[in-house]
>>> print(open('entry00.cif').read())   # mmCIF, N, CA and C atoms
data_structure
loop_
_atom_site.label_atom_id
_atom_site.label_comp_id
_atom_site.auth_asym_id
_atom_site.auth_seq_id
_atom_site.Cartn_x
_atom_site.Cartn_y
_atom_site.Cartn_z
N MET A 23 -19.22 -17.98 -7.77
CA MET A 23 -19.11 -17.06 -6.66
C MET A 23 -18.63 -17.85 -5.45
N GLU A 24 -17.64 -17.33 -4.73
CA GLU A 24 -17.06 -18.01 -3.58
C GLU A 24 -17.07 -17.10 -2.36
N LYS A 25 -17.65 -17.59 -1.28
CA LYS A 25 -17.70 -16.83 -0.03
C LYS A 25 -16.32 -16.77 0.59
N LEU A 26 -15.91 -15.58 1.05
CA LEU A 26 -14.61 -15.42 1.68
C LEU A 26 -14.63 -15.98 3.10
N VAL A 27 -13.54 -16.58 3.49
CA VAL A 27 -13.33 -16.98 4.89
C VAL A 27 -12.73 -15.75 5.56
N THR A 28 -13.46 -15.17 6.48
CA THR A 28 -13.06 -13.91 7.09
C THR A 28 -12.58 -14.10 8.52
N ILE A 29 -11.89 -13.11 9.03
CA ILE A 29 -11.40 -13.15 10.41
C ILE A 29 -12.58 -13.08 11.38
N GLN A 30 -13.52 -12.19 11.10
CA GLN A 30 -14.70 -12.08 11.97
C GLN A 30 -15.61 -13.28 11.69
N LYS A 31 -15.88 -14.06 12.72
CA LYS A 31 -16.67 -15.29 12.56
C LYS A 31 -18.10 -15.15 13.08
N ARG A 32 -18.30 -14.33 14.11
CA ARG A 32 -19.62 -14.21 14.73
C ARG A 32 -20.14 -12.78 14.59
N ASN A 33 -21.45 -12.65 14.67
CA ASN A 33 -22.11 -11.35 14.69
C ASN A 33 -21.78 -10.51 13.45
N LYS A 34 -21.65 -11.16 12.30
CA LYS A 34 -21.32 -10.46 11.07
C LYS A 34 -22.59 -9.87 10.45
N LEU A 35 -22.52 -8.62 10.08
CA LEU A 35 -23.63 -7.97 9.39
C LEU A 35 -23.68 -8.40 7.93
N ASN A 36 -22.50 -8.58 7.31
CA ASN A 36 -22.42 -8.87 5.88
C ASN A 36 -21.54 -10.08 5.61
N GLU A 37 -21.73 -10.65 4.42
CA GLU A 37 -20.87 -11.70 3.88
C GLU A 37 -20.24 -11.16 2.60
N VAL A 38 -18.99 -11.51 2.36
CA VAL A 38 -18.28 -11.03 1.16
C VAL A 38 -17.97 -12.22 0.27
N TYR A 39 -18.21 -12.03 -1.02
CA TYR A 39 -17.97 -13.07 -2.02
C TYR A 39 -17.08 -12.51 -3.13
N ARG A 40 -16.22 -13.37 -3.67
CA ARG A 40 -15.52 -13.00 -4.91
C ARG A 40 -16.23 -13.76 -6.01
N PHE A 41 -16.34 -13.13 -7.19
CA PHE A 41 -17.14 -13.79 -8.21
C PHE A 41 -16.56 -13.68 -9.61
N ASP A 42 -15.25 -13.81 -9.69
CA ASP A 42 -14.65 -13.92 -11.01
C ASP A 42 -13.50 -14.91 -10.94
N ASP A 43 -12.88 -15.16 -12.07
CA ASP A 43 -11.74 -16.05 -12.12
C ASP A 43 -10.49 -15.26 -11.76
N VAL A 44 -9.48 -15.98 -11.29
CA VAL A 44 -8.22 -15.35 -10.96
C VAL A 44 -7.65 -14.69 -12.21
N GLY A 45 -7.09 -13.50 -12.03
CA GLY A 45 -6.58 -12.73 -13.16
C GLY A 45 -5.13 -12.36 -12.98
N PRO A 46 -4.71 -11.29 -13.67
CA PRO A 46 -3.32 -10.84 -13.56
C PRO A 46 -2.92 -10.62 -12.10
N GLY A 47 -1.71 -11.03 -11.78
CA GLY A 47 -1.23 -10.89 -10.41
C GLY A 47 -1.71 -11.99 -9.49
N ASN A 48 -2.41 -13.00 -10.04
CA ASN A 48 -2.95 -14.11 -9.26
C ASN A 48 -4.00 -13.63 -8.25
N VAL A 49 -4.74 -12.58 -8.61
CA VAL A 49 -5.76 -12.03 -7.71
C VAL A 49 -7.12 -12.00 -8.40
N PHE A 50 -8.14 -11.78 -7.60
CA PHE A 50 -9.50 -11.64 -8.08
C PHE A 50 -9.82 -10.15 -8.20
N HIS A 51 -10.75 -9.80 -9.06
CA HIS A 51 -11.01 -8.38 -9.35
C HIS A 51 -12.44 -7.95 -9.10
N ARG A 52 -13.33 -8.88 -8.78
CA ARG A 52 -14.73 -8.50 -8.55
C ARG A 52 -15.23 -9.17 -7.27
N TYR A 53 -15.84 -8.35 -6.44
CA TYR A 53 -16.37 -8.80 -5.15
C TYR A 53 -17.78 -8.25 -4.97
N LYS A 54 -18.57 -8.97 -4.21
CA LYS A 54 -19.90 -8.48 -3.82
C LYS A 54 -20.09 -8.69 -2.33
N VAL A 55 -20.79 -7.75 -1.73
CA VAL A 55 -21.11 -7.80 -0.31
C VAL A 55 -22.62 -7.99 -0.18
N PHE A 56 -23.02 -8.98 0.63
CA PHE A 56 -24.42 -9.28 0.85
C PHE A 56 -24.75 -9.21 2.33
N ARG A 57 -25.96 -8.75 2.64
CA ARG A 57 -26.44 -8.81 4.03
C ARG A 57 -26.55 -10.26 4.44
N THR A 58 -26.04 -10.58 5.61
CA THR A 58 -26.05 -11.96 6.09
C THR A 58 -27.46 -12.46 6.32
N ASP A 59 -28.32 -11.63 6.90
CA ASP A 59 -29.66 -12.08 7.28
C ASP A 59 -30.62 -12.23 6.10
N ALA A 60 -30.44 -11.45 5.04
CA ALA A 60 -31.41 -11.48 3.94
C ALA A 60 -30.78 -11.86 2.60
N HIS A 61 -29.50 -12.01 2.56
CA HIS A 61 -28.73 -12.29 1.34
C HIS A 61 -29.11 -11.31 0.22
N VAL A 62 -29.22 -10.05 0.59
CA VAL A 62 -29.49 -8.96 -0.35
C VAL A 62 -28.16 -8.26 -0.64
N GLU A 63 -27.89 -8.00 -1.92
CA GLU A 63 -26.63 -7.35 -2.28
C GLU A 63 -26.59 -5.93 -1.73
N VAL A 64 -25.49 -5.62 -1.05
CA VAL A 64 -25.26 -4.30 -0.49
C VAL A 64 -24.39 -3.48 -1.44
N GLU A 65 -23.34 -4.11 -1.96
CA GLU A 65 -22.39 -3.38 -2.81
C GLU A 65 -21.62 -4.35 -3.68
N SER A 66 -21.17 -3.84 -4.82
CA SER A 66 -20.30 -4.57 -5.73
C SER A 66 -19.03 -3.75 -5.91
N ILE A 67 -17.88 -4.41 -5.86
CA ILE A 67 -16.60 -3.72 -5.99
C ILE A 67 -15.81 -4.35 -7.13
N THR A 68 -15.35 -3.51 -8.04
CA THR A 68 -14.51 -3.96 -9.14
C THR A 68 -13.15 -3.29 -9.03
N PHE A 69 -12.12 -4.12 -8.97
CA PHE A 69 -10.75 -3.62 -8.85
C PHE A 69 -10.13 -3.43 -10.24
N GLN A 70 -9.12 -2.58 -10.28
CA GLN A 70 -8.31 -2.41 -11.47
C GLN A 70 -7.83 -3.79 -11.93
N LYS A 71 -7.96 -4.05 -13.22
CA LYS A 71 -7.52 -5.34 -13.77
C LYS A 71 -6.53 -5.07 -14.88
N GLY A 72 -5.30 -5.40 -14.63
CA GLY A 72 -4.25 -5.13 -15.60
C GLY A 72 -3.51 -3.85 -15.26
N PRO A 73 -2.43 -3.60 -15.97
CA PRO A 73 -1.61 -2.42 -15.67
C PRO A 73 -2.32 -1.11 -16.03
N ARG A 74 -1.91 -0.05 -15.38
CA ARG A 74 -2.50 1.27 -15.62
C ARG A 74 -2.48 1.66 -17.08
N GLU A 75 -1.39 1.32 -17.75
CA GLU A 75 -1.21 1.74 -19.13
C GLU A 75 -1.54 0.62 -20.12
N GLY A 76 -2.09 -0.49 -19.62
CA GLY A 76 -2.36 -1.64 -20.48
C GLY A 76 -3.49 -1.40 -21.45
N GLU A 77 -3.29 -1.87 -22.66
CA GLU A 77 -4.29 -1.67 -23.71
C GLU A 77 -5.61 -2.35 -23.38
N ASN A 78 -5.56 -3.53 -22.78
CA ASN A 78 -6.78 -4.27 -22.46
C ASN A 78 -7.14 -4.22 -20.99
N SER A 79 -6.58 -3.29 -20.25
CA SER A 79 -6.86 -3.18 -18.82
C SER A 79 -8.27 -2.68 -18.59
N GLN A 80 -8.81 -3.05 -17.43
CA GLN A 80 -10.14 -2.58 -17.02
C GLN A 80 -9.97 -1.69 -15.80
N SER A 81 -10.53 -0.50 -15.86
CA SER A 81 -10.43 0.44 -14.75
C SER A 81 -11.20 -0.07 -13.55
N GLY A 82 -10.69 0.26 -12.38
CA GLY A 82 -11.38 -0.10 -11.15
C GLY A 82 -10.69 0.54 -9.97
N VAL A 83 -11.22 0.24 -8.79
CA VAL A 83 -10.64 0.79 -7.58
C VAL A 83 -9.35 0.05 -7.25
N LEU A 84 -8.52 0.66 -6.43
CA LEU A 84 -7.28 0.05 -5.96
C LEU A 84 -7.43 -0.30 -4.49
N ASP A 85 -6.59 -1.20 -4.02
CA ASP A 85 -6.60 -1.55 -2.60
C ASP A 85 -6.45 -0.30 -1.73
N VAL A 86 -5.55 0.60 -2.16
CA VAL A 86 -5.31 1.81 -1.37
C VAL A 86 -6.55 2.71 -1.32
N ASP A 87 -7.38 2.68 -2.35
CA ASP A 87 -8.62 3.47 -2.32
C ASP A 87 -9.51 3.02 -1.17
N LEU A 88 -9.66 1.72 -1.02
CA LEU A 88 -10.50 1.20 0.07
C LEU A 88 -9.89 1.49 1.43
N LEU A 89 -8.56 1.35 1.52
CA LEU A 89 -7.90 1.67 2.79
C LEU A 89 -8.05 3.15 3.15
N GLU A 90 -7.99 4.02 2.15
CA GLU A 90 -8.17 5.46 2.41
C GLU A 90 -9.59 5.76 2.89
N ILE A 91 -10.57 5.05 2.37
CA ILE A 91 -11.96 5.23 2.82
C ILE A 91 -12.08 4.80 4.28
N VAL A 92 -11.53 3.63 4.61
CA VAL A 92 -11.60 3.15 5.99
C VAL A 92 -10.82 4.08 6.92
N ARG A 93 -9.68 4.57 6.46
CA ARG A 93 -8.89 5.53 7.26
C ARG A 93 -9.72 6.77 7.57
N ASP A 94 -10.39 7.30 6.56
CA ASP A 94 -11.22 8.49 6.76
C ASP A 94 -12.33 8.23 7.77
N ARG A 95 -12.98 7.08 7.65
CA ARG A 95 -14.08 6.75 8.58
C ARG A 95 -13.57 6.63 10.01
N LEU A 96 -12.43 5.94 10.18
CA LEU A 96 -11.89 5.78 11.53
C LEU A 96 -11.46 7.13 12.13
N MET A 97 -10.90 8.00 11.31
CA MET A 97 -10.53 9.34 11.80
C MET A 97 -11.78 10.10 12.25
N CYS A 98 -12.87 9.94 11.51
CA CYS A 98 -14.13 10.59 11.89
C CYS A 98 -14.65 10.02 13.20
N PHE A 99 -14.65 8.68 13.32
CA PHE A 99 -15.07 8.06 14.58
C PHE A 99 -14.21 8.57 15.74
N GLN A 100 -12.92 8.68 15.53
CA GLN A 100 -12.01 9.12 16.59
C GLN A 100 -12.22 10.58 16.98
N SER A 101 -12.83 11.35 16.12
CA SER A 101 -13.09 12.76 16.45
C SER A 101 -14.48 12.95 17.05
N GLY A 102 -15.19 11.87 17.26
CA GLY A 102 -16.55 11.97 17.78
C GLY A 102 -16.79 11.11 19.00
N ASP A 103 -18.04 10.77 19.19
CA ASP A 103 -18.47 10.02 20.37
C ASP A 103 -17.99 8.57 20.40
N TYR A 104 -17.53 8.03 19.27
CA TYR A 104 -17.17 6.62 19.21
C TYR A 104 -15.66 6.39 19.22
N ALA A 105 -14.91 7.36 19.68
CA ALA A 105 -13.46 7.21 19.80
C ALA A 105 -13.16 6.10 20.81
N CYS A 106 -12.18 5.25 20.45
CA CYS A 106 -11.78 4.18 21.36
C CYS A 106 -10.39 3.69 21.00
N ARG A 107 -9.81 2.95 21.90
CA ARG A 107 -8.46 2.41 21.73
C ARG A 107 -8.40 1.52 20.49
N GLU A 108 -9.40 0.65 20.32
CA GLU A 108 -9.39 -0.29 19.19
C GLU A 108 -9.38 0.43 17.86
N ASN A 109 -10.18 1.49 17.72
CA ASN A 109 -10.18 2.28 16.48
C ASN A 109 -8.82 2.95 16.27
N ALA A 110 -8.22 3.45 17.34
CA ALA A 110 -6.92 4.11 17.23
C ALA A 110 -5.85 3.14 16.74
N ILE A 111 -5.87 1.92 17.27
CA ILE A 111 -4.89 0.91 16.86
C ILE A 111 -5.13 0.51 15.40
N ALA A 112 -6.39 0.29 15.05
CA ALA A 112 -6.72 -0.05 13.66
C ALA A 112 -6.27 1.06 12.72
N LEU A 113 -6.51 2.30 13.10
CA LEU A 113 -6.11 3.44 12.28
C LEU A 113 -4.59 3.45 12.07
N THR A 114 -3.85 3.20 13.12
CA THR A 114 -2.39 3.15 13.02
C THR A 114 -1.94 2.08 12.02
N HIS A 115 -2.54 0.92 12.08
CA HIS A 115 -2.15 -0.17 11.19
C HIS A 115 -2.58 0.09 9.74
N ILE A 116 -3.72 0.72 9.56
CA ILE A 116 -4.14 1.08 8.19
C ILE A 116 -3.19 2.11 7.61
N GLU A 117 -2.78 3.09 8.42
CA GLU A 117 -1.82 4.07 7.94
C GLU A 117 -0.47 3.42 7.64
N ASP A 118 -0.06 2.45 8.45
CA ASP A 118 1.16 1.69 8.16
C ASP A 118 1.03 0.97 6.81
N ALA A 119 -0.10 0.32 6.59
CA ALA A 119 -0.32 -0.38 5.32
C ALA A 119 -0.25 0.59 4.15
N LEU A 120 -0.87 1.75 4.29
CA LEU A 120 -0.83 2.75 3.22
C LEU A 120 0.59 3.23 2.94
N LEU A 121 1.37 3.43 4.00
CA LEU A 121 2.77 3.86 3.82
C LEU A 121 3.57 2.81 3.06
N TRP A 122 3.40 1.53 3.41
CA TRP A 122 4.13 0.46 2.72
C TRP A 122 3.68 0.32 1.28
N LEU A 123 2.39 0.42 1.03
CA LEU A 123 1.90 0.33 -0.35
C LEU A 123 2.38 1.51 -1.18
N ASN A 124 2.47 2.69 -0.57
CA ASN A 124 3.01 3.85 -1.27
C ASN A 124 4.51 3.66 -1.57
N LYS A 125 5.23 3.05 -0.62
CA LYS A 125 6.65 2.77 -0.86
C LYS A 125 6.81 1.87 -2.07
N ARG A 126 5.93 0.87 -2.20
CA ARG A 126 5.97 -0.02 -3.35
C ARG A 126 5.76 0.77 -4.65
N VAL A 127 4.79 1.68 -4.66
CA VAL A 127 4.54 2.51 -5.84
C VAL A 127 5.76 3.35 -6.18
N GLU A 128 6.35 4.00 -5.17
CA GLU A 128 7.52 4.84 -5.40
C GLU A 128 8.70 4.02 -5.92
N ASP A 129 8.92 2.84 -5.35
CA ASP A 129 10.00 1.97 -5.81
C ASP A 129 9.77 1.54 -7.26
N ARG A 130 8.54 1.19 -7.59
CA ARG A 130 8.23 0.77 -8.97
C ARG A 130 8.41 1.94 -9.94
N ALA A 131 8.02 3.14 -9.51
CA ALA A 131 8.20 4.33 -10.36
C ALA A 131 9.68 4.58 -10.62
N GLU A 132 10.50 4.46 -9.58
CA GLU A 132 11.94 4.67 -9.74
C GLU A 132 12.56 3.65 -10.69
N ARG A 133 12.04 2.41 -10.69
CA ARG A 133 12.56 1.37 -11.57
C ARG A 133 11.96 1.44 -12.98
N GLY A 134 10.98 2.33 -13.17
CA GLY A 134 10.36 2.49 -14.49
C GLY A 134 9.38 1.39 -14.84
N VAL A 135 8.84 0.69 -13.84
CA VAL A 135 7.89 -0.39 -14.11
C VAL A 135 6.49 -0.11 -13.56
N LEU A 136 6.27 1.09 -13.03
CA LEU A 136 4.95 1.44 -12.53
C LEU A 136 3.97 1.46 -13.69
N GLY A 137 2.84 0.79 -13.53
CA GLY A 137 1.83 0.74 -14.58
C GLY A 137 2.10 -0.30 -15.65
N LYS A 138 3.01 -1.22 -15.35
CA LYS A 138 3.35 -2.28 -16.31
C LYS A 138 3.30 -3.63 -15.62
N ASN A 139 3.07 -4.67 -16.39
CA ASN A 139 3.11 -6.03 -15.85
C ASN A 139 4.54 -6.52 -15.81
N GLU A 140 5.34 -5.88 -14.99
CA GLU A 140 6.73 -6.25 -14.81
C GLU A 140 7.04 -6.20 -13.32
N ALA A 141 7.96 -7.07 -12.92
CA ALA A 141 8.35 -7.11 -11.49
C ALA A 141 9.28 -6.01 -11.23
#
>>> encode(input="entry00.cif", output="structure tokens")
Amino acid sequence: MEKLVTIQKRNKLNEVYRFDDVGPGNVFHRYKVFRTDAHVEVESITFQKGPREGENSQSGVLDVDLLEIVRDRLMCFQSGDYACRENAIALTHIEDALLWLNKRVEDRAERGVLGKNEA
């Protein structure tokens, strides 16, 4: 298990760890979040491992799934008492990231390589 070096350095509620070996795509697929003060596990996240149509692939969440969750939360904050400039800017950048990741999916679909371990 390896603790992530994160952008937020102070006043962190949680610590994030990756706890598997590097896999397809040169990425990790399992993460755990622990409370900083008590080192109690808060959540475990398993990402899709392997292509969508792969025989030995393991189902899991996608990066876009997590971004969509954060997008929804920020939109809710912006519609309530906690609306602020920082949330609005973060929301804009998350939506930008989602648009670019969707472009990648569409481009791969057009090339016939979506869901395959092919560039």
>>> select_by_dssp(input="entry00.cif", residues="chain A", states="helix (DSSP H, G or I)", output="ChimeraX atom specification")
/A:46-48,85-100,107-133
>>> resolve_selection(input="entry00.cif", expression="the PyMOL selection byres ((chain A and resi 111-121) around 7)", output="PyMOL selection string")
chain A and resi 86+89+93+96-97+106-110+122-126
>>> write_last_selection(input="entry00.cif", atoms="N, CA and C atoms", output="PDB file, keeping the file's coordinate frame")
ATOM      1  N   VAL A  86      -5.550   0.600  -2.160  1.00  0.00           N
ATOM      2  CA  VAL A  86      -5.310   1.810  -1.370  1.00  0.00           C
ATOM      3  C   VAL A  86      -6.550   2.710  -1.320  1.00  0.00           C
ATOM      4  N   LEU A  89      -8.560   1.350   1.520  1.00  0.00           N
ATOM      5  CA  LEU A  89      -7.900   1.670   2.790  1.00  0.00           C
ATOM      6  C   LEU A  89      -8.050   3.150   3.150  1.00  0.00           C
ATOM      7  N   ARG A  93      -9.680   4.570   6.460  1.00  0.00           N
ATOM      8  CA  ARG A  93      -8.890   5.530   7.260  1.00  0.00           C
ATOM      9  C   ARG A  93      -9.720   6.770   7.570  1.00  0.00           C
ATOM     10  N   LEU A  96     -12.430   5.940  10.180  1.00  0.00           N
ATOM     11  CA  LEU A  96     -11.890   5.780  11.530  1.00  0.00           C
ATOM     12  C   LEU A  96     -11.460   7.130  12.130  1.00  0.00           C
ATOM     13  N   MET A  97     -10.900   8.000  11.310  1.00  0.00           N
ATOM     14  CA  MET A  97     -10.530   9.340  11.800  1.00  0.00           C
ATOM     15  C   MET A  97     -11.780  10.100  12.250  1.00  0.00           C
ATOM     16  N   CYS A 106     -12.180   5.250  20.450  1.00  0.00           N
ATOM     17  CA  CYS A 106     -11.780   4.180  21.360  1.00  0.00           C
ATOM     18  C   CYS A 106     -10.390   3.690  21.000  1.00  0.00           C
ATOM     19  N   ARG A 107      -9.810   2.950  21.900  1.00  0.00           N
ATOM     20  CA  ARG A 107      -8.460   2.410  21.730  1.00  0.00           C
ATOM     21  C   ARG A 107      -8.400   1.520  20.490  1.00  0.00           C
ATOM     22  N   GLU A 108      -9.400   0.650  20.320  1.00  0.00           N
ATOM     23  CA  GLU A 108      -9.390  -0.290  19.190  1.00  0.00           C
ATOM     24  C   GLU A 108      -9.380   0.430  17.860  1.00  0.00           C
ATOM     25  N   ASN A 109     -10.180   1.490  17.720  1.00  0.00           N
ATOM     26  CA  ASN A 109     -10.180   2.280  16.480  1.00  0.00           C
ATOM     27  C   ASN A 109      -8.820   2.950  16.270  1.00  0.00           C
ATOM     28  N   ALA A 110      -8.220   3.450  17.340  1.00  0.00           N
ATOM     29  CA  ALA A 110      -6.920   4.110  17.230  1.00  0.00           C
ATOM     30  C   ALA A 110      -5.850   3.140  16.740  1.00  0.00           C
ATOM     31  N   TRP A 122       3.400   1.530   3.410  1.00  0.00           N
ATOM     32  CA  TRP A 122       4.130   0.460   2.720  1.00  0.00           C
ATOM     33  C   TRP A 122       3.680   0.320   1.280  1.00  0.00           C
ATOM     34  N   LEU A 123       2.390   0.420   1.030  1.00  0.00           N
ATOM     35  CA  LEU A 123       1.900   0.330  -0.350  1.00  0.00           C
ATOM     36  C   LEU A 123       2.380   1.510  -1.180  1.00  0.00           C
ATOM     37  N   ASN A 124       2.470   2.690  -0.570  1.00  0.00           N
ATOM     38  CA  ASN A 124       3.010   3.850  -1.270  1.00  0.00           C
ATOM     39  C   ASN A 124       4.510   3.660  -1.570  1.00  0.00           C
ATOM     40  N   LYS A 125       5.230   3.050  -0.620  1.00  0.00           N
ATOM     41  CA  LYS A 125       6.650   2.770  -0.860  1.00  0.00           C
ATOM     42  C   LYS A 125       6.810   1.870  -2.070  1.00  0.00           C
ATOM     43  N   ARG A 126       5.930   0.870  -2.200  1.00  0.00           N
ATOM     44  CA  ARG A 126       5.970  -0.020  -3.350  1.00  0.00           C
ATOM     45  C   ARG A 126       5.760   0.770  -4.650  1.00  0.00           C
TER      46      ARG A 126
END
>>> atom_distance(input="entry00.cif", atom1="atom N of Asp103 in chain A", atom2="atom N of Thr28 in chain A")
29.2 Å
>>> closest_residue(input="entry00.cif", among="A:Val62, A:Gln70, A:Val135, A:Phe56", to="Asp85 in chain A", atoms="all atoms listed in the file")
A:Gln70
>>> resolve_selection(input="entry00.cif", expression="the PyMOL selection byres ((chain A and resi 65) around 6)", output="mmCIF file with N, CA and C atoms, keeping the file's coordinate frame")
data_model
loop_
_atom_site.group_PDB
_atom_site.id
_atom_site.type_symbol
_atom_site.label_atom_id
_atom_site.label_comp_id
_atom_site.auth_asym_id
_atom_site.auth_seq_id
_atom_site.Cartn_x
_atom_site.Cartn_y
_atom_site.Cartn_z
ATOM 1 N N TYR A 53 -15.840 -8.350 -6.440
ATOM 2 C CA TYR A 53 -16.370 -8.800 -5.150
ATOM 3 C C TYR A 53 -17.780 -8.250 -4.970
ATOM 4 N N LYS A 54 -18.570 -8.970 -4.210
ATOM 5 C CA LYS A 54 -19.900 -8.480 -3.820
ATOM 6 C C LYS A 54 -20.090 -8.690 -2.330
ATOM 7 N N VAL A 55 -20.790 -7.750 -1.730
ATOM 8 C CA VAL A 55 -21.110 -7.800 -0.310
ATOM 9 C C VAL A 55 -22.620 -7.990 -0.180
ATOM 10 N N PHE A 56 -23.020 -8.980 0.630
ATOM 11 C CA PHE A 56 -24.420 -9.280 0.850
ATOM 12 C C PHE A 56 -24.750 -9.210 2.330
ATOM 13 N N GLU A 63 -27.890 -8.000 -1.920
ATOM 14 C CA GLU A 63 -26.630 -7.350 -2.280
ATOM 15 C C GLU A 63 -26.590 -5.930 -1.730
ATOM 16 N N VAL A 64 -25.490 -5.620 -1.050
ATOM 17 C CA VAL A 64 -25.260 -4.300 -0.490
ATOM 18 C C VAL A 64 -24.390 -3.480 -1.440
ATOM 19 N N SER A 66 -21.170 -3.840 -4.820
ATOM 20 C CA SER A 66 -20.300 -4.570 -5.730
ATOM 21 C C SER A 66 -19.030 -3.750 -5.910
ATOM 22 N N ILE A 67 -17.880 -4.410 -5.860
ATOM 23 C CA ILE A 67 -16.600 -3.720 -5.990
ATOM 24 C C ILE A 67 -15.810 -4.350 -7.130
#
>>> atom_distance(input="entry00.cif", atom1="CA of Phe69 in chain A", atom2="atom C of Phe50 in chain A")
6.6 Å
>>> resolve_selection(input="entry00.cif", expression="the PyMOL selection byres ((chain A and resi 35) around 5)", output="ChimeraX atom specification")
/A:33-34,36-37,57-58
>>> decode(input="entry00.cif", residues="range 84-106 of chain A", atoms="N, CA and C atoms", output="mmCIF file, in the first residue's frame")
data_model
loop_
_atom_site.group_PDB
_atom_site.id
_atom_site.type_symbol
_atom_site.label_atom_id
_atom_site.label_comp_id
_atom_site.auth_asym_id
_atom_site.auth_seq_id
_atom_site.Cartn_x
_atom_site.Cartn_y
_atom_site.Cartn_z
ATOM 1 N N LEU A 84 -15.120 4.037 -13.463
ATOM 2 C CA LEU A 84 -14.255 4.749 -14.394
ATOM 3 C C LEU A 84 -13.915 6.116 -13.814
ATOM 4 N N ASP A 85 -12.852 6.708 -14.315
ATOM 5 C CA ASP A 85 -12.484 8.053 -13.880
ATOM 6 C C ASP A 85 -13.655 9.019 -14.055
ATOM 7 N N VAL A 86 -14.362 8.888 -15.185
ATOM 8 C CA VAL A 86 -15.484 9.793 -15.457
ATOM 9 C C VAL A 86 -16.614 9.612 -14.441
ATOM 10 N N ASP A 87 -16.777 8.410 -13.906
ATOM 11 C CA ASP A 87 -17.810 8.191 -12.885
ATOM 12 C C ASP A 87 -17.534 9.060 -11.661
ATOM 13 N N LEU A 88 -16.286 9.075 -11.225
ATOM 14 C CA LEU A 88 -15.931 9.887 -10.055
ATOM 15 C C LEU A 88 -16.064 11.376 -10.352
ATOM 16 N N LEU A 89 -15.646 11.777 -11.552
ATOM 17 C CA LEU A 89 -15.801 13.185 -11.928
ATOM 18 C C LEU A 89 -17.268 13.598 -11.985
ATOM 19 N N GLU A 90 -18.129 12.712 -12.467
ATOM 20 C CA GLU A 90 -19.573 13.018 -12.511
ATOM 21 C C GLU A 90 -20.146 13.169 -11.104
ATOM 22 N N ILE A 91 -19.665 12.367 -10.162
ATOM 23 C CA ILE A 91 -20.118 12.485 -8.768
ATOM 24 C C ILE A 91 -19.694 13.838 -8.201
ATOM 25 N N VAL A 92 -18.435 14.207 -8.412
ATOM 26 C CA VAL A 92 -17.944 15.495 -7.908
ATOM 27 C C VAL A 92 -18.675 16.645 -8.597
ATOM 28 N N ARG A 93 -18.928 16.515 -9.884
ATOM 29 C CA ARG A 93 -19.686 17.540 -10.619
ATOM 30 C C ARG A 93 -21.070 17.732 -9.999
ATOM 31 N N ASP A 94 -21.749 16.630 -9.721
ATOM 32 C CA ASP A 94 -23.081 16.709 -9.122
ATOM 33 C C ASP A 94 -23.031 17.402 -7.762
ATOM 34 N N ARG A 95 -22.049 17.045 -6.949
ATOM 35 C CA ARG A 95 -21.938 17.650 -5.616
ATOM 36 C C ARG A 95 -21.678 19.150 -5.711
ATOM 37 N N LEU A 96 -20.770 19.548 -6.614
ATOM 38 C CA LEU A 96 -20.476 20.973 -6.756
ATOM 39 C C LEU A 96 -21.687 21.746 -7.277
ATOM 40 N N MET A 97 -22.446 21.150 -8.188
ATOM 41 C CA MET A 97 -23.667 21.815 -8.676
ATOM 42 C C MET A 97 -24.657 21.997 -7.525
ATOM 43 N N CYS A 98 -24.741 21.004 -6.649
ATOM 44 C CA CYS A 98 -25.636 21.122 -5.488
ATOM 45 C C CYS A 98 -25.155 22.218 -4.550
ATOM 46 N N PHE A 99 -23.845 22.241 -4.259
ATOM 47 C CA PHE A 99 -23.304 23.319 -3.425
ATOM 48 C C PHE A 99 -23.602 24.680 -4.041
ATOM 49 N N GLN A 100 -23.448 24.798 -5.340
ATOM 50 C CA GLN A 100 -23.662 26.076 -6.019
ATOM 51 C C GLN A 100 -25.128 26.502 -6.011
ATOM 52 N N SER A 101 -26.025 25.582 -5.803
ATOM 53 C CA SER A 101 -27.446 25.936 -5.753
ATOM 54 C C SER A 101 -27.916 26.195 -4.323
ATOM 55 N N GLY A 102 -26.996 26.144 -3.380
ATOM 56 C CA GLY A 102 -27.374 26.327 -1.983
ATOM 57 C C GLY A 102 -26.552 27.386 -1.278
ATOM 58 N N ASP A 103 -26.478 27.250 0.025
ATOM 59 C CA ASP A 103 -25.812 28.237 0.875
ATOM 60 C C ASP A 103 -24.294 28.274 0.714
ATOM 61 N N TYR A 104 -23.694 27.253 0.096
ATOM 62 C CA TYR A 104 -22.235 27.181 0.013
ATOM 63 C C TYR A 104 -21.698 27.536 -1.367
ATOM 64 N N ALA A 105 -22.484 28.239 -2.156
ATOM 65 C CA ALA A 105 -22.032 28.688 -3.466
ATOM 66 C C ALA A 105 -20.860 29.660 -3.284
ATOM 67 N N CYS A 106 -19.839 29.490 -4.130
ATOM 68 C CA CYS A 106 -18.690 30.393 -4.069
ATOM 69 C C CYS A 106 -17.928 30.345 -5.386
#
